[in-house]
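> What follows is model-v8.txt; its format and atoms are compact mmCIF, C-alpha atoms.
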# COMPACT_ATOMS: atom_id res chain seq x y z
CA MET A 1 -28.73 -24.24 -0.75
CA SER A 2 -30.80 -25.77 -3.57
CA ASP A 3 -31.18 -29.50 -4.05
CA ASP A 4 -29.33 -29.25 -7.38
CA SER A 5 -26.30 -27.55 -5.83
CA ALA A 6 -26.28 -30.04 -2.96
CA ALA A 7 -26.06 -32.86 -5.50
CA ASP A 8 -23.13 -31.30 -7.36
CA PRO A 9 -19.92 -33.27 -6.81
CA HIS A 10 -17.17 -31.70 -4.75
CA ARG A 11 -14.44 -30.65 -7.20
CA ILE A 12 -10.93 -31.60 -6.05
CA SER A 13 -7.48 -30.57 -7.23
CA ILE A 14 -4.57 -32.81 -6.23
CA VAL A 15 -1.15 -31.20 -5.83
CA VAL A 16 1.92 -33.46 -5.92
CA PRO A 17 5.40 -31.92 -5.44
CA VAL A 18 7.74 -33.98 -7.61
CA TYR A 19 11.42 -34.42 -6.74
CA GLN A 20 12.13 -38.13 -7.31
CA GLY A 21 8.96 -39.36 -8.98
CA GLU A 22 10.34 -41.21 -11.99
CA ARG A 23 9.49 -44.63 -10.54
CA THR A 24 6.28 -43.77 -8.69
CA LEU A 25 4.23 -41.19 -10.59
CA SER A 26 2.72 -43.53 -13.19
CA ALA A 27 1.39 -45.91 -10.53
CA LEU A 28 0.02 -42.97 -8.54
CA MET A 29 -1.85 -41.64 -11.60
CA ASP A 30 -3.32 -45.11 -12.18
CA GLU A 31 -4.71 -45.01 -8.65
CA ILE A 32 -6.13 -41.52 -9.09
CA LEU A 33 -7.66 -42.26 -12.52
CA PRO A 34 -10.89 -43.85 -11.15
CA LEU A 35 -11.45 -40.75 -9.01
CA THR A 36 -11.59 -38.53 -12.11
CA GLN A 37 -15.12 -39.82 -12.66
CA VAL A 38 -17.84 -38.97 -10.16
CA THR A 39 -17.43 -41.26 -7.16
CA HIS A 40 -18.80 -41.12 -3.63
CA THR A 41 -17.24 -40.71 -0.22
CA PRO A 42 -17.80 -43.38 2.45
CA LEU A 43 -20.83 -41.36 3.57
CA GLY A 44 -22.25 -41.09 0.06
CA ARG A 45 -21.22 -37.55 -0.93
CA PRO A 46 -20.36 -37.11 -4.63
CA MET A 47 -16.81 -36.05 -5.46
CA ILE A 48 -14.59 -35.83 -8.51
CA VAL A 49 -10.88 -35.16 -9.05
CA GLU A 50 -10.79 -32.53 -11.77
CA GLU A 51 -7.05 -32.06 -12.02
CA VAL A 52 -3.72 -33.36 -10.78
CA LEU A 53 -0.91 -30.82 -10.69
CA LEU A 54 2.56 -32.33 -10.80
CA VAL A 55 5.00 -29.67 -9.62
CA PHE A 56 8.47 -30.35 -10.99
CA ASP A 57 11.05 -29.36 -8.37
CA HIS A 58 14.21 -30.25 -10.34
CA GLY A 59 15.08 -33.54 -8.69
CA PRO A 60 18.02 -35.80 -9.57
CA ASP A 61 16.06 -38.33 -11.68
CA ASN A 62 14.11 -38.21 -14.95
CA SER A 63 10.85 -37.00 -13.41
CA ALA A 64 10.45 -34.26 -16.04
CA ALA A 65 10.09 -36.81 -18.86
CA VAL A 66 7.54 -38.80 -16.84
CA ILE A 67 5.50 -35.64 -16.18
CA ARG A 68 5.45 -34.88 -19.91
CA GLN A 69 4.33 -38.44 -20.70
CA LEU A 70 1.54 -38.29 -18.12
CA THR A 71 0.27 -34.88 -19.29
CA ALA A 72 0.13 -36.26 -22.84
CA ALA A 73 -1.67 -39.42 -21.74
CA HIS A 74 -4.20 -37.88 -19.31
CA THR A 75 -6.24 -34.73 -19.79
CA PHE A 76 -6.59 -34.26 -16.03
CA VAL A 77 -2.81 -34.09 -15.43
CA ARG A 78 -1.04 -30.73 -15.60
CA GLY A 79 2.64 -30.01 -15.15
CA VAL A 80 3.77 -27.04 -13.09
CA TRP A 81 7.38 -26.17 -13.86
CA LEU A 82 9.58 -24.33 -11.37
CA SER A 83 12.70 -22.45 -12.45
CA ARG A 84 14.93 -24.37 -9.99
CA ASN A 85 14.74 -26.55 -6.89
CA PHE A 86 12.88 -24.67 -4.14
CA GLY A 87 11.90 -27.49 -1.77
CA GLN A 88 8.72 -29.36 -0.89
CA HIS A 89 6.78 -26.56 0.78
CA PRO A 90 7.37 -23.89 -1.92
CA ALA A 91 6.57 -26.49 -4.58
CA THR A 92 3.32 -27.30 -2.77
CA LEU A 93 2.47 -23.59 -2.60
CA ALA A 94 3.12 -23.28 -6.34
CA GLY A 95 0.70 -26.13 -7.01
CA MET A 96 -1.92 -24.58 -4.73
CA ALA A 97 -1.61 -21.25 -6.53
CA SER A 98 -2.14 -23.01 -9.87
CA SER A 99 -5.17 -25.04 -8.77
CA GLY A 100 -8.82 -24.34 -9.48
CA GLY A 101 -10.73 -26.90 -7.42
CA GLU A 102 -13.12 -26.30 -4.55
CA TRP A 103 -10.80 -28.47 -2.47
CA ILE A 104 -7.06 -29.01 -2.68
CA VAL A 105 -5.43 -32.28 -1.67
CA THR A 106 -1.65 -32.32 -1.22
CA MET A 107 0.13 -35.65 -1.23
CA ASP A 108 3.58 -37.14 -1.69
CA GLU A 109 4.85 -38.75 -4.85
CA ASP A 110 6.31 -41.86 -3.23
CA GLY A 111 3.16 -44.00 -2.93
CA GLN A 112 2.93 -43.58 0.84
CA HIS A 113 -0.40 -41.74 0.58
CA ASP A 114 -3.40 -43.71 -0.67
CA PRO A 115 -5.71 -41.60 -2.89
CA ALA A 116 -8.63 -43.80 -1.78
CA ALA A 117 -8.50 -42.00 1.61
CA ILE A 118 -9.51 -38.66 0.08
CA GLY A 119 -13.22 -39.46 0.44
CA GLY A 120 -12.90 -40.04 4.17
CA MET A 121 -10.98 -36.79 4.60
CA LEU A 122 -13.69 -34.92 2.69
CA ASP A 123 -16.38 -36.44 4.92
CA THR A 124 -14.44 -35.28 7.98
CA ALA A 125 -14.14 -31.74 6.58
CA LEU A 126 -17.86 -31.52 5.84
CA ASP A 127 -19.01 -33.15 9.06
CA GLN A 128 -16.81 -30.95 11.24
CA GLN A 129 -16.92 -27.87 8.98
CA SER A 130 -13.13 -27.75 8.86
CA THR A 131 -11.17 -25.89 6.22
CA VAL A 132 -8.04 -27.99 6.79
CA VAL A 133 -7.95 -31.75 7.43
CA TYR A 134 -4.69 -33.58 8.09
CA ALA A 135 -4.28 -37.30 7.62
CA LYS A 136 -3.73 -38.85 11.04
CA PRO A 137 -1.68 -42.05 10.59
CA THR A 138 -3.22 -45.13 12.14
CA ASN A 139 0.11 -46.95 11.84
CA VAL A 140 3.78 -46.09 12.33
CA ALA A 141 5.13 -43.90 9.53
CA PRO A 142 7.51 -45.91 7.29
CA HIS A 143 10.49 -43.57 7.76
CA GLY A 144 12.61 -45.52 10.20
CA MET A 145 12.83 -45.34 13.98
CA TRP A 146 15.22 -42.39 14.27
CA ARG A 147 13.44 -40.13 11.80
CA ASN A 148 10.04 -40.91 13.33
CA ALA A 149 11.36 -40.17 16.82
CA ALA A 150 12.97 -36.91 15.67
CA SER A 151 9.78 -35.84 13.89
CA LYS A 152 7.57 -36.53 16.89
CA GLY A 153 10.05 -34.87 19.25
CA SER A 154 10.37 -31.69 17.19
CA LYS A 155 6.60 -31.36 16.77
CA TRP A 156 6.08 -31.91 20.50
CA LEU A 157 8.73 -29.29 21.30
CA ILE A 158 7.11 -26.70 19.03
CA ALA A 159 3.67 -27.48 20.44
CA LYS A 160 4.74 -27.19 24.08
CA ALA A 161 7.49 -24.57 24.02
CA LEU A 162 6.11 -22.29 21.31
CA ALA A 163 2.38 -22.98 21.74
CA GLY A 164 1.93 -24.43 18.27
CA ASP A 165 -1.43 -26.03 18.97
CA ASN A 166 -1.77 -28.13 15.80
CA THR A 167 1.92 -28.87 15.26
CA ILE A 168 1.62 -32.51 16.33
CA ASP A 169 -0.96 -33.13 13.58
CA TYR A 170 1.08 -31.71 10.69
CA GLN A 171 1.27 -34.05 7.68
CA SER A 172 2.04 -33.56 4.00
CA TYR A 173 -1.17 -35.49 3.22
CA ARG A 174 -3.82 -32.82 3.77
CA LEU A 175 -7.17 -31.59 2.45
CA VAL A 176 -7.55 -27.80 2.26
CA LEU A 177 -10.47 -25.63 1.20
CA GLY A 178 -9.48 -24.26 -2.19
CA GLU A 179 -9.81 -20.56 -1.43
CA VAL A 180 -7.83 -21.00 1.79
CA GLY A 181 -5.01 -22.83 0.03
CA ARG A 182 -4.80 -20.32 -2.81
CA SER A 183 -4.85 -17.40 -0.37
CA VAL A 184 -1.96 -18.88 1.60
CA ALA A 185 -0.04 -19.44 -1.63
CA ALA A 186 -0.57 -15.78 -2.53
CA TYR A 187 0.81 -14.22 0.65
CA ALA A 188 3.13 -16.75 2.33
CA GLY A 189 6.75 -15.59 2.28
CA SER A 190 9.71 -17.66 1.22
CA GLU A 191 10.63 -18.56 4.80
CA ALA A 192 7.12 -19.38 6.02
CA TYR A 193 6.35 -22.92 7.12
CA LEU A 194 3.35 -24.05 5.05
CA ASP A 195 1.25 -25.58 7.83
CA ILE A 196 1.83 -22.67 10.20
CA ALA A 197 0.85 -20.28 7.39
CA LEU A 198 -2.35 -22.29 6.88
CA GLY A 199 -3.09 -21.97 10.58
CA TRP A 200 -2.90 -18.17 10.31
CA ILE A 201 -6.15 -18.02 8.31
CA ALA A 202 -7.77 -21.45 8.52
CA GLY A 203 -10.84 -21.92 10.69
CA ASP A 204 -11.21 -25.25 12.42
CA VAL A 205 -8.35 -27.67 11.76
CA THR A 206 -8.93 -31.36 12.33
CA THR A 207 -7.62 -34.83 11.41
CA SER A 208 -8.91 -37.92 9.67
CA PRO A 209 -7.59 -41.47 10.27
CA VAL A 210 -5.53 -42.75 7.33
CA ALA A 211 -3.28 -45.80 7.02
CA LEU A 212 0.13 -44.94 5.55
CA ARG A 213 1.70 -47.31 3.05
CA GLU A 214 5.31 -48.30 2.57
CA GLU A 215 7.34 -46.00 0.36
CA VAL A 216 8.75 -47.32 -2.88
CA ASP A 217 12.30 -48.56 -2.33
CA ARG A 218 14.38 -45.50 -3.11
CA ARG A 219 16.76 -43.13 -1.41
CA SER A 220 14.98 -40.41 0.54
CA GLY A 221 15.31 -36.84 -0.72
CA TYR A 222 15.62 -35.63 2.89
CA ARG A 223 19.06 -35.37 4.46
CA LEU A 224 19.95 -34.42 8.02
CA ARG A 225 20.69 -30.86 6.95
CA THR A 226 17.32 -30.63 5.15
CA LEU A 227 15.41 -31.97 8.16
CA LEU A 228 17.17 -29.54 10.51
CA SER A 229 16.37 -26.67 8.13
CA HIS A 230 12.76 -27.87 8.06
CA PHE A 231 12.61 -27.78 11.85
CA TRP A 232 14.28 -24.37 12.11
CA ARG A 233 11.85 -22.88 9.59
CA MET A 234 8.98 -24.21 11.69
CA VAL A 235 10.48 -22.54 14.79
CA LEU A 236 10.90 -19.18 13.08
CA SER A 237 7.45 -19.29 11.49
CA SER A 238 5.90 -19.69 14.93
CA GLY A 239 6.16 -15.92 15.46
CA THR A 240 7.73 -14.10 18.36
CA LYS A 241 7.23 -16.92 20.83
CA GLY A 242 10.87 -17.89 20.32
CA LEU A 243 11.95 -14.40 21.37
CA ARG A 244 9.83 -14.71 24.50
CA LEU A 245 11.55 -18.00 25.29
CA VAL A 246 14.92 -16.26 24.94
CA SER A 247 13.71 -13.54 27.31
CA PHE A 248 12.80 -16.16 29.89
CA ILE A 249 16.26 -17.71 29.51
CA GLY A 250 17.82 -14.28 30.10
CA ILE A 251 15.70 -13.76 33.21
CA ALA A 252 16.66 -17.20 34.52
CA PHE A 253 20.38 -16.47 34.06
CA ALA A 254 19.98 -13.07 35.74
CA ILE A 255 18.31 -14.65 38.76
CA LEU A 256 21.00 -17.32 38.88
CA GLY A 257 23.65 -14.58 38.79
CA LEU A 258 22.07 -12.77 41.72
CA ILE A 259 21.92 -15.99 43.70
CA LEU A 260 25.60 -16.65 43.02
CA VAL A 261 26.51 -13.08 44.02
CA ALA A 262 24.61 -13.49 47.27
CA TYR A 263 26.38 -16.80 47.90
CA VAL A 264 29.83 -15.25 47.38
CA LEU A 265 29.06 -12.30 49.63
CA VAL A 266 27.70 -14.49 52.42
CA SER A 267 30.70 -16.80 52.12
CA TYR A 268 33.13 -13.88 52.28
CA PHE A 269 31.60 -11.90 55.15
CA VAL A 270 30.16 -14.68 57.31
CA PHE A 271 32.13 -17.89 56.85
CA ASP A 272 35.56 -16.90 55.52
CA SER A 273 36.00 -13.17 56.07
CA GLY A 274 39.77 -13.26 56.38
CA ALA A 275 40.51 -15.24 53.25
CA GLU A 276 40.54 -14.05 49.70
CA VAL A 277 37.64 -15.07 47.54
CA ARG A 278 38.57 -18.20 45.58
CA GLY A 279 36.88 -20.01 42.74
CA TRP A 280 38.25 -18.78 39.44
CA ALA A 281 37.03 -21.98 37.77
CA SER A 282 33.48 -21.26 38.90
CA THR A 283 33.81 -17.69 37.65
CA MET A 284 34.91 -18.87 34.22
CA VAL A 285 32.01 -21.34 34.07
CA ILE A 286 29.58 -18.53 34.91
CA LEU A 287 31.12 -16.29 32.26
CA LEU A 288 30.96 -19.03 29.66
CA PHE A 289 27.32 -19.73 30.44
CA GLY A 290 26.55 -16.03 30.34
CA PHE A 291 28.28 -15.46 27.03
CA GLY A 292 26.69 -18.62 25.63
CA ALA A 293 23.21 -17.43 26.54
CA THR A 294 23.97 -14.00 25.06
CA LEU A 295 25.27 -15.42 21.81
CA PHE A 296 22.33 -17.81 21.58
CA SER A 297 19.92 -14.93 22.07
CA LEU A 298 21.68 -12.81 19.45
CA GLY A 299 21.61 -15.74 17.04
CA VAL A 300 17.87 -16.20 17.36
CA VAL A 301 17.26 -12.46 17.00
CA ALA A 302 19.50 -12.42 13.93
CA GLU A 303 17.46 -15.24 12.38
CA TYR A 304 14.26 -13.28 12.87
CA VAL A 305 15.87 -10.18 11.36
CA GLY A 306 17.06 -12.27 8.41
CA VAL A 307 13.55 -13.56 7.76
CA ASN A 308 12.15 -10.02 7.84
CA VAL A 309 14.86 -8.76 5.50
CA LYS A 310 14.12 -11.51 2.96
CA THR A 311 10.41 -10.75 3.17
CA ALA A 312 10.96 -7.00 2.80
CA MET A 313 13.18 -7.58 -0.23
CA GLY A 314 10.37 -9.54 -1.89
CA LYS A 315 12.21 -12.84 -2.28
CA PRO A 316 9.63 -15.18 -3.89
CA PRO A 317 9.03 -18.63 -2.41
CA TYR A 318 8.72 -20.03 -5.94
CA LEU A 319 8.66 -19.01 -9.61
CA ILE A 320 6.47 -20.76 -12.16
CA VAL A 321 7.88 -21.01 -15.68
CA THR A 322 6.90 -22.77 -18.90
CA ASP A 323 7.91 -26.34 -19.60
CA PRO A 324 11.64 -26.12 -20.39
CA GLY A 325 11.10 -28.77 -23.08
CA ASN A 326 8.80 -26.40 -24.98
CA GLY A 327 10.87 -23.27 -24.43
CA PRO A 328 14.24 -22.02 -25.62
CA LEU A 329 16.09 -24.58 -23.53
CA GLY A 330 14.30 -27.35 -25.41
CA ARG A 331 15.49 -26.28 -28.84
CA THR A 332 18.80 -28.11 -28.77
CA ALA A 333 18.73 -29.86 -32.16
CA PRO A 334 20.65 -28.18 -34.99
CA SER A 335 18.61 -26.53 -37.72
CA THR A 336 18.06 -28.56 -40.92
CA GLU A 337 17.61 -25.42 -43.03
CA PRO A 338 20.66 -23.99 -44.82
CA ALA A 339 22.16 -20.86 -43.35
CA PRO A 340 21.30 -17.62 -45.23
CA PRO A 341 24.10 -16.19 -47.39
CA ALA A 342 26.31 -13.63 -45.70
Any chance you could put this one into C-alpha cells?


Amino acid sequence: MSDDSAADPHRISIVVPVYQGERTLSALMDEILPLTQVTHTPLGRPMIVEEVLLVFDHGPDNSAAVIRQLTAAHTFVRGVWLSRNFGQHPATLAGMASSGGEWIVTMDEDGQHDPAAIGGMLDTALDQQSTVVYAKPTNVAPHGMWRNAASKGSKWLIAKALAGDNTIDYQSYRLVLGEVGRSVAAYAGSEAYLDIALGWIAGDVTTSPVALREEVDRRSGYRLRTLLSHFWRMVLSSGTKGLRLVSFIGIAFAILGLILVAYVLVSYFVFDSGAEVRGWASTMVILLFGFGATLFSLGVVAEYVGVNVKTAMGKPPYLIVTDPGNGPLGRTAPSTEPAPPA
C-alpha cells in the first residue's frame, strides 16, 4: 500500500431505516454533519461520511416530508423510497444495496445511537481486521426491563440451542465492510435475518464498546407480535439446526415411550399379574404429549418449507421506487390549463 493511499480517509455510508423519524431525524443529521468533513478516529485514522441514506419504510408519521427537507438542505443526504412497509431489516438491506461507501454504518433513527462512536468502531475493525463490528452497549439498553430481558433470553437461546455463535452480540448499530454489506443485500431472501445473513459471508466478527443513549420520548414501533416475528425469523434463518433439535425431541419421546412400555409390562407380569392394566389417565397424557410433539415437529418443518417456497418464488425482501412526491402519486393538484375542446 502506498503512503498516499494509506492517508486517504475511510469513506463511510450511513444507512438509517426510517419508520417514525419525524421528531428525530433533523437532530441526527445535525450530529452527523461534522463527520461529513474529514475527521479522525480516536487512534488518528482519517474518515469521512460521504452519504447518509434515509430509507423511508412508510411509518405512521410525517417522516417522508422530513426526508425531503433534509435531502434539499444537505447534499450528503439521500432518500431511499420503498413501495410499502417492509420492516427494519429489509429497509436496512435496501439502504445497503444503495450505498457506495467503503464502509457501511447502520443505525437507528431514534437518537439512541451516537454517531460520534463510529470512529471507535472503525478503529476496532482495522485493528482486528474484522468485516463486521457490532456496538457492544456499556450500559443497559433503554427499552425497559421486560423487553431487555426478552431480548437477552432469545439471543441466549439461539446461541446455545442453535449454535448461533455471535447471536448475543447482535445490534442494529453496526459497521460493515461495504462490499460485504452490498453482497448480503444482493442475495439475502425476504425471510433471512440480516445479522445471520451477514455471518454467512463475513470474516471475523467483533464488537466495540458504545454507550447507548435514551430514546426520544415516543411510542415504540415494535409490538409483541413484531418482536415474536423477529425472534422466529432468527430461528428459521439459523439453518437446519432447528430440525435437528426436533429430531432430538422425537428421540427423547421415543425413549420415554419405551421406558413406559417396559414399566407397564413389568407391573403387569411381576407385581399385578391377575389384575387388568389400569391407568387410562396416564395413557391419555402420553398420547397428548406424543401428538403435541408430532404437531410441533410438523409445524417447524412447515415453516422451513414455507421459507423455501417464498425463496423459490422470488419474493423480494424490498422494492426501491422513486420518491412518491415526484412521481404520479405526487401530481394531485388540478391542472390550471383549460381542457382541450372535444

> What gap, in Å, lies between CA of Pro90 (chain A) and CA of Gly199 (chain A)?

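So the answer is 16.4 Å.
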
> Rank nothing, just name the residue among A:Met121, A:Ile286, A:Ile48, A:Val180 nearest to Gly203 (chain A), using only C-alpha atoms.

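Checking each of A:Met121, A:Ile286, A:Ile48, A:Val180 against Gly203 (chain A), counting only C-alpha atoms, the winner is A:Val180.
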
> Taking 4 positions as the minimum chain separation for residues in the same chain, which residues sit within 7 Å of Phe56 (chain A) when counting all atoms listed in the file? Answer as a ChimeraX atom specification.

/A:17-19,64,80-82

> Would you compute the distance between CA of Tyr304 (chain A) and CA of Gly189 (chain A)? Give it in Å to one decimal.

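If I compute the distance from CA of Tyr304 (chain A) to CA of Gly189 (chain A), I get 13.2 Å.
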
> So how many Å separate CA of Gly79 (chain A) and CA of Glu215 (chain A), to one decimal?

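Distance reported for this atom pair: 22.8 Å.
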
> Could you pull the residues within 12 Å of Gln88 (chain A), counting only C-alpha atoms, minus those fewer than 2 positions along the same chain, as a PyMOL selection string?

chain A and resi 15-20+55-59+82+85-86+90-95+106-109+172+190+193-194+221-222+226-227+230+317-318

> Using all atoms listed in the file, list the residues that have an atom at most 8 Å from (-0.7, -47.6, 11.1), coordinates as in the file, as an mmCIF file with C-alpha atoms, keeping the file's coordinate frame.


data_model
loop_
_atom_site.group_PDB
_atom_site.id
_atom_site.type_symbol
_atom_site.label_atom_id
_atom_site.label_comp_id
_atom_site.auth_asym_id
_atom_site.auth_seq_id
_atom_site.Cartn_x
_atom_site.Cartn_y
_atom_site.Cartn_z
ATOM 1 C CA PRO A 137 -1.680 -42.050 10.590
ATOM 2 C CA THR A 138 -3.220 -45.130 12.140
ATOM 3 C CA ASN A 139 0.110 -46.950 11.840
ATOM 4 C CA VAL A 140 3.780 -46.090 12.330
ATOM 5 C CA ALA A 141 5.130 -43.900 9.530
ATOM 6 C CA VAL A 210 -5.530 -42.750 7.330
ATOM 7 C CA ALA A 211 -3.280 -45.800 7.020
ATOM 8 C CA LEU A 212 0.130 -44.940 5.550
#

> Can you pull out every residue within 9 Å of Met29 (chain A), counting only C-alpha atoms, but drop anything in the same chain fewer than 3 positions away, and send it as an MDAnalysis selection string?

chainID A and resid 24:26 32:33 52 70 74 77
